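Following: one structure in structure tokens, then a few remarks.
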Amino acid sequence: MSRRFIAVAAATAFLGCASTSPSQPFQDTAAMVEARGGHKIVWNQAGGDDATVTRSVRDLLARELTVDAAVQVALLHNQDLVATYEDLGIAQADLVQAGLLQNPTFTGGVSLPYASRGNDVVPGFNLSVTQDFVSIFTMAARKRIARTELEAVKRRVADAVLRAAFDVSAAFYALQAAEQTAEMRRMILEAGDAALDLAHRQHDAGNINDLDVANQESLFEQVRTDLVRSDAEVASARESLARLMGVWGGDAAFRIAPKLPDLPEAEQSLEHLESLAIARRLDLAAAHEEAQATSHALAMAQNFWFFGGGSVGGSFERSPEQYSAVGASAGVDLPIFDQKQAVIARLQAQKRARLAREQALAVAIRSEVRDVRTRLVTARAVVVRYQSIVVPLRRRVVALSQQQYNAMLLGAYQLLFAKQNEVSAYRELIEALRDYWTARAALERATAGALSNASNAQGPGKTRP
Amino acid sequence: MITRRNILSSGAALFAAGAGLLRGRDAQALPVPAQAVPRGPYRPVVTPNGSTLPWTLKDGVKEFRLIAEPVKREFAAGMIVDAWGYNGQTPGPTIEVVEGDRVRLFVTNRLPERTSVHWHGVRLPNGMDGVAGLNQPHIAPGETYVYEFTLKQHGTMMYHPHSDEMVQMALGMMGFFIVHPRAAERVDRDFCIMLHEWFVAPGTSRPNPAVMTDFNMFTFNSRVWPGTDALVAKKGDRVRIRFGNLSMDSHPIHLHGYSFEQTGTDGGPTPSSARFPETTVNVPVGATRDVEFVADAPGDWAFHCHKSHHTMNAMSHELPNMIGVAPASDDKLARVLPGTMSMGNNGMGGMMDMGRPPNTLPMMSGAGPFGDIEMGGMFTVVKVREGITSYDDPGWYKNPEGTTPKKVTG
């Protein structure tokens with residue numbers, strides 16, 4: 001019996017001596033991200049700047065950034081994300097901790113006689129070793145909890161990576177749109193400038209009065225103010241992206257692709273996205289693992305309710321009277337007052353709360369998917385409408401105005417106004433295109449990559465609301 | 001009954017056979033006075049770019065048939081207008097009769113709305129005056145009314161609707177009603193020109209009757225230069241030009257190279273004592289004017305309304321004033337709108353034709369023997385030639401050596 005106990009303890013202790021290095025959990029996390037169409041992630045666990053990482057970030061930043069490259073930079077460089085990776089280290093350490101036995105307690109004592117009646121009295125001493133034994137029995141359960149929590153953390157971290165990718169994409173498209181909008185406003189200003197220039201020349205020739213010029217100037221100033229605001233929006237959008245990519249100093253002088261991508265010709269299937277999202281979302285999977293961990297903790301508390309603390313020990317004693325004795329001791333907490341009822345109740349409440357949160361999240365994910373899907377479909381329809389109807393119509397208005405201008409049926413001001421309207425329509429198209437790409441990134445986020453990578457879905461396949 | 005004299009005297013009779021097709025429908029003719037006899041002969045009028053209404057004779061009464069209907073009218077090559085008129089035309093065909101004639105006029109309404117015909121200036125029984133509601137019921141679409149009266153005067157009269165007349169006249173419903181005197185006159189060329197003005201927005205084809213003052217098309221017999229026929233005369237011809245005006249403005253019509261006398265109005269002949277030489281006759285709204293001159297000076301003589309905007313086509317009246325404006329040093333306009341150039345800085349003449357909306361005429365055009373004529377609207381040429389044997393357009397006048405200006409060099 002005792003031999004078997006030692007074998008179990010030794011085996012447990014051996015298994016418990018797992019590495020504290022989080023590289024395996026990180027690889028698992030990276031695999032989850034990649035399975036969802038995400039980027040490769042690397043983590044320099046030594047902390048600080050990894051020369052390879054720095055080099056590849058610099059390489060990416062030196063070129064004109066695409067949305068993919070911007071995401072890649074953020075994943076390599078954003079210190080918030082690196083901080084999140086450390087959660088894996090913490091959870092891995094917790095797992096190792098759960099596999100460690102409590103250390104034995106060695107106690108030594110000395111007794112010095114001071115009222116002796118004989119001469120052969122010498123100082124006595126005692127030595128004892130006690131070892132907690134409860135942790136041996138609960139080790140498996142504790143490790144199960146820690147392992148489950150590590151699984152939860154892996155999913156949280158992977159989810160954070162996917163969310164960061166979405167945030168970067170959205171910020172990237174916002175910046176592209178802001179830059180293009182500013183460009184459009186610059187063209188509108190140019191048209192306004194041409195009109196103002198004409199007004200000044202007309203005034204110089206004695207053809208229009210001060211009032212007419214003042215009116216034209218105020219129109220121009222309005223457009224110029226719009227451009228100032230637009231430029232400020234570009235600067236702000238740029239900083240948002242820089243923040244998310246974690247770049248500063250010289251690295252913040254990045255350039256991005258100047259034009260929002262065109263609408264993809266065909267939309268991928270938008271069917272079954274809700275169930276795909278449920279199967280693939282990692283925050284939901286994390287919530288599930290967390291609920292599981294609480295279940296395991298509850299089970300442990302229920303299984304070991306009578307086990308407060310307990311130890312066994314051995315002792316050696318040499319008394320001042322110079323006799324020696326060896327002894328053994330054992331002690332257990334008596335579950336008279338604390339039968340873990342409070343701990344159990346707490347864990348039960350926690351478990352119910354976590355299950356409810358998991359359910360709530362599942363409902364929210366389904367709603368989010370429907371919401372973003374509608375936004376995507378609407379944004380596409382709006383873009384198509386602008387591309388196929390509104391912009392060509394405005395272009396036609398300009399062409400027809402130009403025709404009338406050429407026949408001296410229309411003045412230059414009206415022609416320039418038509419041109420400004422055409423450019424405004426382009427600007428609205430840009431906004432619609434930005435909404436489309438943002439919605440697309442949001443749908444990828446909401447479905448954890450189901451849009452680009454539906455065939456690779458490797459979800460746990462749970463049935464949820 | 002068609003007499004030989006009718007055939008000789010009236011070009012209209014050439015159409016008698018065609019018009020006869022309609023004869024079966026005049027069942028409800030009014031009682032004919034016993035003395036009704038067609039009168040003549042006379043020198044038929046020429047309606048440039050138009051025609052004369054044929055008539056048929058029935059029991060001594062000249063019968064005319066007018067059909068009020070929507071028509072398409074080409075103002076000049078490149079512009080066709082959706083107008084209203086009579087017998088497929090605007091102005092309606094010229095009705096030409098002789099003082100003393102008994103006339104019977106059938107009016108069929110093929111318009112989408114009711115109408116009536118007023119015989120402007122003609123002295124007739126009150127009930128025949130054509131003011132719908134006042135003198136007769138409106139002629140509903142599809143209905144035919146017949147007017148009948150005897151001409152007791154001569155001169156240049158007109159006909160036009162007097163039922164929703166604002167719309168119907170703005171769309172082109174008008175025509176001449178010419179009554180020749182019973183006694184023969186010494187006139188070799190007798191032209192009639194109806195003056196009118198329209199608003200047809202560039203790129204459209206339908207005149208806008210709501211426009212009251214800002215017209216953009218000004219017509220001689222519903223044509224604009226360069227679509228107006230030349231008025232051709234042989235040297236020595238006595239020429240009469242009759243004008244009618246049912247537009248919203250008066251039109252001072254000016255003839256180059258001559259002076260003329262006003263010889264009559266829709267009120268009757270102008271007495272000799274009241275005639276005086278002039279070069280421009282102002283034709284008031286709702287009136288006619290006859291002028292006469294002897295074509296003794298050969299040449300191509302401009303003939304036009306002297307309101308200068310009335311000799312332009314499809315002009316915008318709301319353009320920014322570009323005259324004298326310095327061209328931009330850095331052409332910002334062309335930068336914003338490639339291919340666009342500043343226009344009108346030095347005036348509007350000599351402009352390149354850079355295209356325009358469909359169904360729209362250039363503001364000014366017409367090529368002459370010396371270059372661009374740059375006119376439009378109420379403009380044509382009186383061509384007087386020596387020794388011609390036909391009144392077909394003789395082409396441009398060959399100015400004798402030494403009678404044209406020379407460029408001064410050195």
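The way I read the labels, and the way they are meant: chains A, B, ... in the order of the structure tokens, residue 1 as the first residue of every chain, and ligand 1 as the first ligand shown, with later ones counted on from there.
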Contacts of stretch 388-400 of chain B at 7 Å (only C-alpha atoms; same-chain gap of 5+ positions) as number ranges by chain
B: 230, 232-234, 299-300, 369
Pull C-alpha atoms from the residues just selected and write them as a compact mmCIF listing (two decimals), in the first residue's frame.
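Final output, saved to out-v3.txt:
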```txt
# COMPACT_ATOMS: atom_id res chain seq x y z
CA ALA B 230 -34.40 84.32 -99.20
CA VAL B 232 -35.97 86.95 -104.36
CA ALA B 233 -36.98 89.82 -106.67
CA LYS B 234 -36.07 90.86 -110.18
CA GLY B 299 -27.55 92.79 -104.36
CA ASP B 300 -27.96 90.62 -101.30
CA PRO B 369 -19.56 84.52 -99.48
```
Residues near stretch 145-151 of chain B, cut-off 10 Å, only C-alpha atoms, skip fewer than 5 positions along chain, as a ChimeraX atom specification
/B:26,28-33,36,61-66,97-109,116-117,119,122-125,127-130,136-140,179-180
Residues at most 6 Å from stretch 377-385 of chain B, counting only C-alpha atoms, excluding those fewer than 6 positions away in the same chain, as number ranges by chain?
B: 218-220, 224-225, 228, 230-235, 298-305, 310-313
Just N, CA and C atoms for this one: save the residues we selected as a PDB file, in the first residue's frame.
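Printed below is part03.pdb as written:
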```pdb
ATOM      1  N   PHE B 218     -36.690  83.243 -82.328  1.00  0.00           N
ATOM      2  CA  PHE B 218     -37.463  84.324 -82.968  1.00  0.00           C
ATOM      3  C   PHE B 218     -37.587  83.989 -84.446  1.00  0.00           C
ATOM      4  N   THR B 219     -38.836  83.877 -84.927  1.00  0.00           N
ATOM      5  CA  THR B 219     -39.014  83.238 -86.238  1.00  0.00           C
ATOM      6  C   THR B 219     -39.704  84.136 -87.256  1.00  0.00           C
ATOM      7  N   PHE B 220     -39.322  83.928 -88.515  1.00  0.00           N
ATOM      8  CA  PHE B 220     -40.058  84.385 -89.703  1.00  0.00           C
ATOM      9  C   PHE B 220     -40.794  83.143 -90.208  1.00  0.00           C
ATOM     10  N   VAL B 224     -36.015  79.914 -88.459  1.00  0.00           N
ATOM     11  CA  VAL B 224     -34.950  80.830 -88.036  1.00  0.00           C
ATOM     12  C   VAL B 224     -33.809  80.759 -89.041  1.00  0.00           C
ATOM     13  N   TRP B 225     -33.077  81.865 -89.125  1.00  0.00           N
ATOM     14  CA  TRP B 225     -31.847  81.848 -89.897  1.00  0.00           C
ATOM     15  C   TRP B 225     -30.901  80.799 -89.302  1.00  0.00           C
ATOM     16  N   THR B 228     -34.239  80.311 -92.988  1.00  0.00           N
ATOM     17  CA  THR B 228     -35.264  81.162 -93.621  1.00  0.00           C
ATOM     18  C   THR B 228     -34.999  81.302 -95.123  1.00  0.00           C
ATOM     19  N   ALA B 230     -34.724  82.973 -98.705  1.00  0.00           N
ATOM     20  CA  ALA B 230     -34.404  84.316 -99.200  1.00  0.00           C
ATOM     21  C   ALA B 230     -35.638  84.882 -99.903  1.00  0.00           C
ATOM     22  N   LEU B 231     -35.771  86.209 -99.908  1.00  0.00           N
ATOM     23  CA  LEU B 231     -36.848  86.851-100.661  1.00  0.00           C
ATOM     24  C   LEU B 231     -36.232  87.325-101.984  1.00  0.00           C
ATOM     25  N   VAL B 232     -36.626  86.693-103.070  1.00  0.00           N
ATOM     26  CA  VAL B 232     -35.974  86.948-104.361  1.00  0.00           C
ATOM     27  C   VAL B 232     -36.867  87.872-105.215  1.00  0.00           C
ATOM     28  N   ALA B 233     -36.245  88.903-105.778  1.00  0.00           N
ATOM     29  CA  ALA B 233     -36.983  89.821-106.669  1.00  0.00           C
ATOM     30  C   ALA B 233     -36.109  90.138-107.872  1.00  0.00           C
ATOM     31  N   LYS B 234     -36.787  90.454-108.971  1.00  0.00           N
ATOM     32  CA  LYS B 234     -36.067  90.857-110.185  1.00  0.00           C
ATOM     33  C   LYS B 234     -35.908  92.366-110.139  1.00  0.00           C
ATOM     34  N   LYS B 235     -34.809  92.839-110.619  1.00  0.00           N
ATOM     35  CA  LYS B 235     -34.595  94.287-110.602  1.00  0.00           C
ATOM     36  C   LYS B 235     -35.771  94.999-111.262  1.00  0.00           C
ATOM     37  N   PRO B 298     -29.720  96.073-107.169  1.00  0.00           N
ATOM     38  CA  PRO B 298     -29.367  94.641-107.087  1.00  0.00           C
ATOM     39  C   PRO B 298     -28.407  94.392-105.932  1.00  0.00           C
ATOM     40  N   GLY B 299     -28.467  93.169-105.433  1.00  0.00           N
ATOM     41  CA  GLY B 299     -27.553  92.794-104.356  1.00  0.00           C
ATOM     42  C   GLY B 299     -28.213  91.829-103.390  1.00  0.00           C
ATOM     43  N   ASP B 300     -27.438  91.431-102.394  1.00  0.00           N
ATOM     44  CA  ASP B 300     -27.956  90.620-101.300  1.00  0.00           C
ATOM     45  C   ASP B 300     -28.117  91.540-100.107  1.00  0.00           C
ATOM     46  N   TRP B 301     -29.364  91.852 -99.790  1.00  0.00           N
ATOM     47  CA  TRP B 301     -29.637  92.858 -98.761  1.00  0.00           C
ATOM     48  C   TRP B 301     -30.182  92.192 -97.502  1.00  0.00           C
ATOM     49  N   ALA B 302     -29.478  92.439 -96.404  1.00  0.00           N
ATOM     50  CA  ALA B 302     -29.918  91.848 -95.125  1.00  0.00           C
ATOM     51  C   ALA B 302     -31.295  92.375 -94.756  1.00  0.00           C
ATOM     52  N   PHE B 303     -32.056  91.536 -94.126  1.00  0.00           N
ATOM     53  CA  PHE B 303     -33.440  91.841 -93.799  1.00  0.00           C
ATOM     54  C   PHE B 303     -33.717  91.163 -92.463  1.00  0.00           C
ATOM     55  N   HIS B 304     -33.982  91.972 -91.424  1.00  0.00           N
ATOM     56  CA  HIS B 304     -34.028  91.342 -90.089  1.00  0.00           C
ATOM     57  C   HIS B 304     -34.729  92.229 -89.082  1.00  0.00           C
ATOM     58  N   CYS B 305     -35.096  91.612 -87.995  1.00  0.00           N
ATOM     59  CA  CYS B 305     -35.596  92.365 -86.835  1.00  0.00           C
ATOM     60  C   CYS B 305     -34.416  93.120 -86.253  1.00  0.00           C
ATOM     61  N   HIS B 310     -33.034  89.336 -81.136  1.00  0.00           N
ATOM     62  CA  HIS B 310     -33.986  88.575 -81.955  1.00  0.00           C
ATOM     63  C   HIS B 310     -33.333  87.981 -83.197  1.00  0.00           C
ATOM     64  N   THR B 311     -32.036  88.262 -83.368  1.00  0.00           N
ATOM     65  CA  THR B 311     -31.320  87.614 -84.471  1.00  0.00           C
ATOM     66  C   THR B 311     -30.281  86.654 -83.909  1.00  0.00           C
ATOM     67  N   MET B 312     -30.652  86.021 -82.779  1.00  0.00           N
ATOM     68  CA  MET B 312     -29.811  84.994 -82.188  1.00  0.00           C
ATOM     69  C   MET B 312     -30.667  83.755 -82.002  1.00  0.00           C
ATOM     70  N   ASN B 313     -29.989  82.618 -82.015  1.00  0.00           N
ATOM     71  CA  ASN B 313     -30.692  81.372 -81.741  1.00  0.00           C
ATOM     72  C   ASN B 313     -30.279  80.826 -80.379  1.00  0.00           C
TER      73      ASN B 313
END
```
What residues in chain A have any atom no more than 7 Å from chain B when counting only C-alpha atoms, and can you write them as a list of chain:residue names?
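Putting it all together, I get A:Glu190, A:Ala191, A:Ala194, A:Arg201, A:Gln202, A:Ala205, A:Asn207, A:Gln403, A:Gln404, A:Asn406, A:Ala407, A:Leu409, A:Leu410, A:Gly411.
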Written file, previous selection with C-alpha atoms, as an mmCIF file, in the first residue's frame:
```cif
data_model
loop_
_atom_site.group_PDB
_atom_site.id
_atom_site.type_symbol
_atom_site.label_atom_id
_atom_site.label_comp_id
_atom_site.auth_asym_id
_atom_site.auth_seq_id
_atom_site.Cartn_x
_atom_site.Cartn_y
_atom_site.Cartn_z
ATOM 1 C CA GLU A 190 -9.551 73.480 -56.732
ATOM 2 C CA ALA A 191 -12.896 73.931 -58.482
ATOM 3 C CA ALA A 194 -11.153 78.331 -60.253
ATOM 4 C CA ARG A 201 -10.958 88.526 -62.999
ATOM 5 C CA GLN A 202 -14.571 89.496 -63.672
ATOM 6 C CA ALA A 205 -12.779 93.837 -65.673
ATOM 7 C CA ASN A 207 -18.191 93.059 -64.763
ATOM 8 C CA GLN A 403 -21.708 70.675 -73.690
ATOM 9 C CA GLN A 404 -23.973 73.583 -72.748
ATOM 10 C CA ASN A 406 -19.318 75.025 -74.974
ATOM 11 C CA ALA A 407 -22.462 76.297 -76.697
ATOM 12 C CA LEU A 409 -25.741 78.183 -72.810
ATOM 13 C CA LEU A 410 -24.280 77.820 -69.329
ATOM 14 C CA GLY A 411 -21.787 79.840 -67.326
#
```
Could you give me, as a PyMOL selection string, the residues within 7 Å of A:Leu415, counting only C-alpha atoms and dropping anything in the same chain fewer than 6 positions from it?
chain A and resi 398+401-402
Contacts of stretch 107-115 of chain A at 9 Å or less, counting only C-alpha atoms, minus same-chain residues fewer than 4 places along, as a PyMOL selection string?
chain A and resi 121-130+315+317+319-320
Tell me which protein, DNA and RNA residues are within 10 Å of A:Leu282, counting only C-alpha atoms, leaving out same-chain ones fewer than 2 positions away, and put them as an NGL selection string.
:A and (32-33 or 36 or 152 or 154-160 or 162 or 277-280 or 284-288 or 447-448 or 459)
Quick one, how far is atom CA of B:Thr280 from atom CA of B:Arg242?
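If I compute the distance from atom CA of B:Thr280 to atom CA of B:Arg242, I get 13.1 Å.
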Which of stretch 74-216 of chain A counts as strand (DSSP E or B) under DSSP, as a PyMOL selection string please?
chain A and resi 105-111+124-132
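Counting from atom CA of A:Ala266, the distance to atom CA of A:Gln72 is 26.1 Å.
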I'd like to know which residues of stretch 103-338 of chain B are alpha helix (DSSP H) (by DSSP, run on the backbone); could you write them as a PDB file with all heavy atoms, in the first residue's frame?
```pdb
ATOM      1  N   GLU B 165     -55.934  80.709 -75.850  1.00  0.00           N
ATOM      2  CA  GLU B 165     -55.066  81.250 -76.896  1.00  0.00           C
ATOM      3  C   GLU B 165     -53.642  81.471 -76.429  1.00  0.00           C
ATOM      4  O   GLU B 165     -52.721  81.421 -77.245  1.00  0.00           O
ATOM      5  CB  GLU B 165     -55.660  82.546 -77.471  1.00  0.00           C
ATOM      6  CG  GLU B 165     -55.704  83.694 -76.481  1.00  0.00           C
ATOM      7  CD  GLU B 165     -56.117  84.993 -77.185  1.00  0.00           C
ATOM      8  OE1 GLU B 165     -55.302  85.552 -77.929  1.00  0.00           O
ATOM      9  OE2 GLU B 165     -57.256  85.404 -76.989  1.00  0.00           O
ATOM     10  N   MET B 166     -53.454  81.691 -75.134  1.00  0.00           N
ATOM     11  CA  MET B 166     -52.073  81.879 -74.652  1.00  0.00           C
ATOM     12  C   MET B 166     -51.228  80.649 -74.997  1.00  0.00           C
ATOM     13  O   MET B 166     -50.147  80.756 -75.577  1.00  0.00           O
ATOM     14  CB  MET B 166     -52.100  82.138 -73.143  1.00  0.00           C
ATOM     15  CG  MET B 166     -50.750  82.489 -72.551  1.00  0.00           C
ATOM     16  SD  MET B 166     -49.833  81.044 -72.037  1.00  0.00           S
ATOM     17  CE  MET B 166     -50.630  80.655 -70.502  1.00  0.00           C
ATOM     18  N   VAL B 167     -51.760  79.456 -74.652  1.00  0.00           N
ATOM     19  CA  VAL B 167     -51.020  78.221 -74.948  1.00  0.00           C
ATOM     20  C   VAL B 167     -50.965  77.984 -76.456  1.00  0.00           C
ATOM     21  O   VAL B 167     -49.912  77.711 -77.033  1.00  0.00           O
ATOM     22  CB  VAL B 167     -51.679  77.017 -74.234  1.00  0.00           C
ATOM     23  CG1 VAL B 167     -51.157  75.699 -74.801  1.00  0.00           C
ATOM     24  CG2 VAL B 167     -51.429  77.101 -72.736  1.00  0.00           C
ATOM     25  N   GLN B 168     -52.109  78.127 -77.108  1.00  0.00           N
ATOM     26  CA  GLN B 168     -52.191  77.692 -78.506  1.00  0.00           C
ATOM     27  C   GLN B 168     -51.361  78.589 -79.423  1.00  0.00           C
ATOM     28  O   GLN B 168     -50.730  78.106 -80.366  1.00  0.00           O
ATOM     29  CB  GLN B 168     -53.660  77.603 -78.939  1.00  0.00           C
ATOM     30  CG  GLN B 168     -54.393  76.518 -78.128  1.00  0.00           C
ATOM     31  CD  GLN B 168     -55.810  76.228 -78.604  1.00  0.00           C
ATOM     32  OE1 GLN B 168     -56.269  76.760 -79.612  1.00  0.00           O
ATOM     33  NE2 GLN B 168     -56.503  75.372 -77.861  1.00  0.00           N
ATOM     34  N   MET B 169     -51.303  79.879 -79.108  1.00  0.00           N
ATOM     35  CA  MET B 169     -50.460  80.757 -79.943  1.00  0.00           C
ATOM     36  C   MET B 169     -48.985  80.562 -79.613  1.00  0.00           C
ATOM     37  O   MET B 169     -48.146  80.569 -80.497  1.00  0.00           O
ATOM     38  CB  MET B 169     -50.888  82.208 -79.788  1.00  0.00           C
ATOM     39  CG  MET B 169     -52.287  82.422 -80.351  1.00  0.00           C
ATOM     40  SD  MET B 169     -52.653  84.115 -80.839  1.00  0.00           S
ATOM     41  CE  MET B 169     -52.441  84.990 -79.340  1.00  0.00           C
ATOM     42  N   ALA B 170     -48.692  80.331 -78.297  1.00  0.00           N
ATOM     43  CA  ALA B 170     -47.280  80.102 -77.929  1.00  0.00           C
ATOM     44  C   ALA B 170     -46.755  78.859 -78.619  1.00  0.00           C
ATOM     45  O   ALA B 170     -45.557  78.740 -78.865  1.00  0.00           O
ATOM     46  CB  ALA B 170     -47.153  79.965 -76.419  1.00  0.00           C
ATOM     47  N   LYS B 332      -6.930  77.573 -64.274  1.00  0.00           N
ATOM     48  CA  LYS B 332      -7.485  76.722 -63.221  1.00  0.00           C
ATOM     49  C   LYS B 332      -8.717  75.975 -63.722  1.00  0.00           C
ATOM     50  O   LYS B 332      -8.966  74.839 -63.319  1.00  0.00           O
ATOM     51  CB  LYS B 332      -7.842  77.572 -62.013  1.00  0.00           C
ATOM     52  CG  LYS B 332      -6.596  78.164 -61.363  1.00  0.00           C
ATOM     53  CD  LYS B 332      -6.918  79.096 -60.221  1.00  0.00           C
ATOM     54  CE  LYS B 332      -5.622  79.489 -59.521  1.00  0.00           C
ATOM     55  NZ  LYS B 332      -5.798  80.546 -58.547  1.00  0.00           N
ATOM     56  N   LEU B 333      -9.462  76.615 -64.578  1.00  0.00           N
ATOM     57  CA  LEU B 333     -10.671  75.974 -65.106  1.00  0.00           C
ATOM     58  C   LEU B 333     -10.309  74.704 -65.876  1.00  0.00           C
ATOM     59  O   LEU B 333     -10.902  73.646 -65.669  1.00  0.00           O
ATOM     60  CB  LEU B 333     -11.404  76.968 -66.019  1.00  0.00           C
ATOM     61  CG  LEU B 333     -12.761  76.534 -66.563  1.00  0.00           C
ATOM     62  CD1 LEU B 333     -13.752  76.348 -65.438  1.00  0.00           C
ATOM     63  CD2 LEU B 333     -13.283  77.571 -67.554  1.00  0.00           C
ATOM     64  N   ALA B 334      -9.271  74.826 -66.712  1.00  0.00           N
ATOM     65  CA  ALA B 334      -8.867  73.665 -67.515  1.00  0.00           C
ATOM     66  C   ALA B 334      -8.254  72.578 -66.636  1.00  0.00           C
ATOM     67  O   ALA B 334      -8.316  71.396 -66.967  1.00  0.00           O
ATOM     68  CB  ALA B 334      -7.874  74.089 -68.591  1.00  0.00           C
ATOM     69  N   ARG B 335      -7.675  73.006 -65.508  1.00  0.00           N
ATOM     70  CA  ARG B 335      -7.088  72.010 -64.610  1.00  0.00           C
ATOM     71  C   ARG B 335      -8.203  71.169 -63.975  1.00  0.00           C
ATOM     72  O   ARG B 335      -8.084  69.960 -63.835  1.00  0.00           O
ATOM     73  CB  ARG B 335      -6.267  72.722 -63.530  1.00  0.00           C
ATOM     74  CG  ARG B 335      -5.320  71.865 -62.785  1.00  0.00           C
ATOM     75  CD  ARG B 335      -3.947  72.522 -62.633  1.00  0.00           C
ATOM     76  NE  ARG B 335      -4.028  73.924 -62.222  1.00  0.00           N
ATOM     77  CZ  ARG B 335      -4.138  74.308 -60.936  1.00  0.00           C
ATOM     78  NH1 ARG B 335      -4.182  73.427 -59.971  1.00  0.00           N
ATOM     79  NH2 ARG B 335      -4.176  75.587 -60.645  1.00  0.00           N
ATOM     80  N   VAL B 336      -9.283  71.845 -63.594  1.00  0.00           N
ATOM     81  CA  VAL B 336     -10.398  71.135 -62.959  1.00  0.00           C
ATOM     82  C   VAL B 336     -11.206  70.370 -63.998  1.00  0.00           C
ATOM     83  O   VAL B 336     -11.648  69.256 -63.759  1.00  0.00           O
ATOM     84  CB  VAL B 336     -11.301  72.137 -62.208  1.00  0.00           C
ATOM     85  CG1 VAL B 336     -12.499  71.434 -61.612  1.00  0.00           C
ATOM     86  CG2 VAL B 336     -10.508  72.849 -61.122  1.00  0.00           C
TER      87      VAL B 336
END
```
Grab the atom CA of A:Gln97 to atom CA of A:Ala328 distance for me, in Å with one decimal place.
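Answer for the atom CA of A:Gln97 to atom CA of A:Ala328 separation: 28.8 Å.
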Shell around stretch 156-162 of chain B at 6 Å using only C-alpha atoms, local window under 2 positions removed, as an NGL selection string
:B and (116-121 or 131 or 165 or 173-178 or 266)
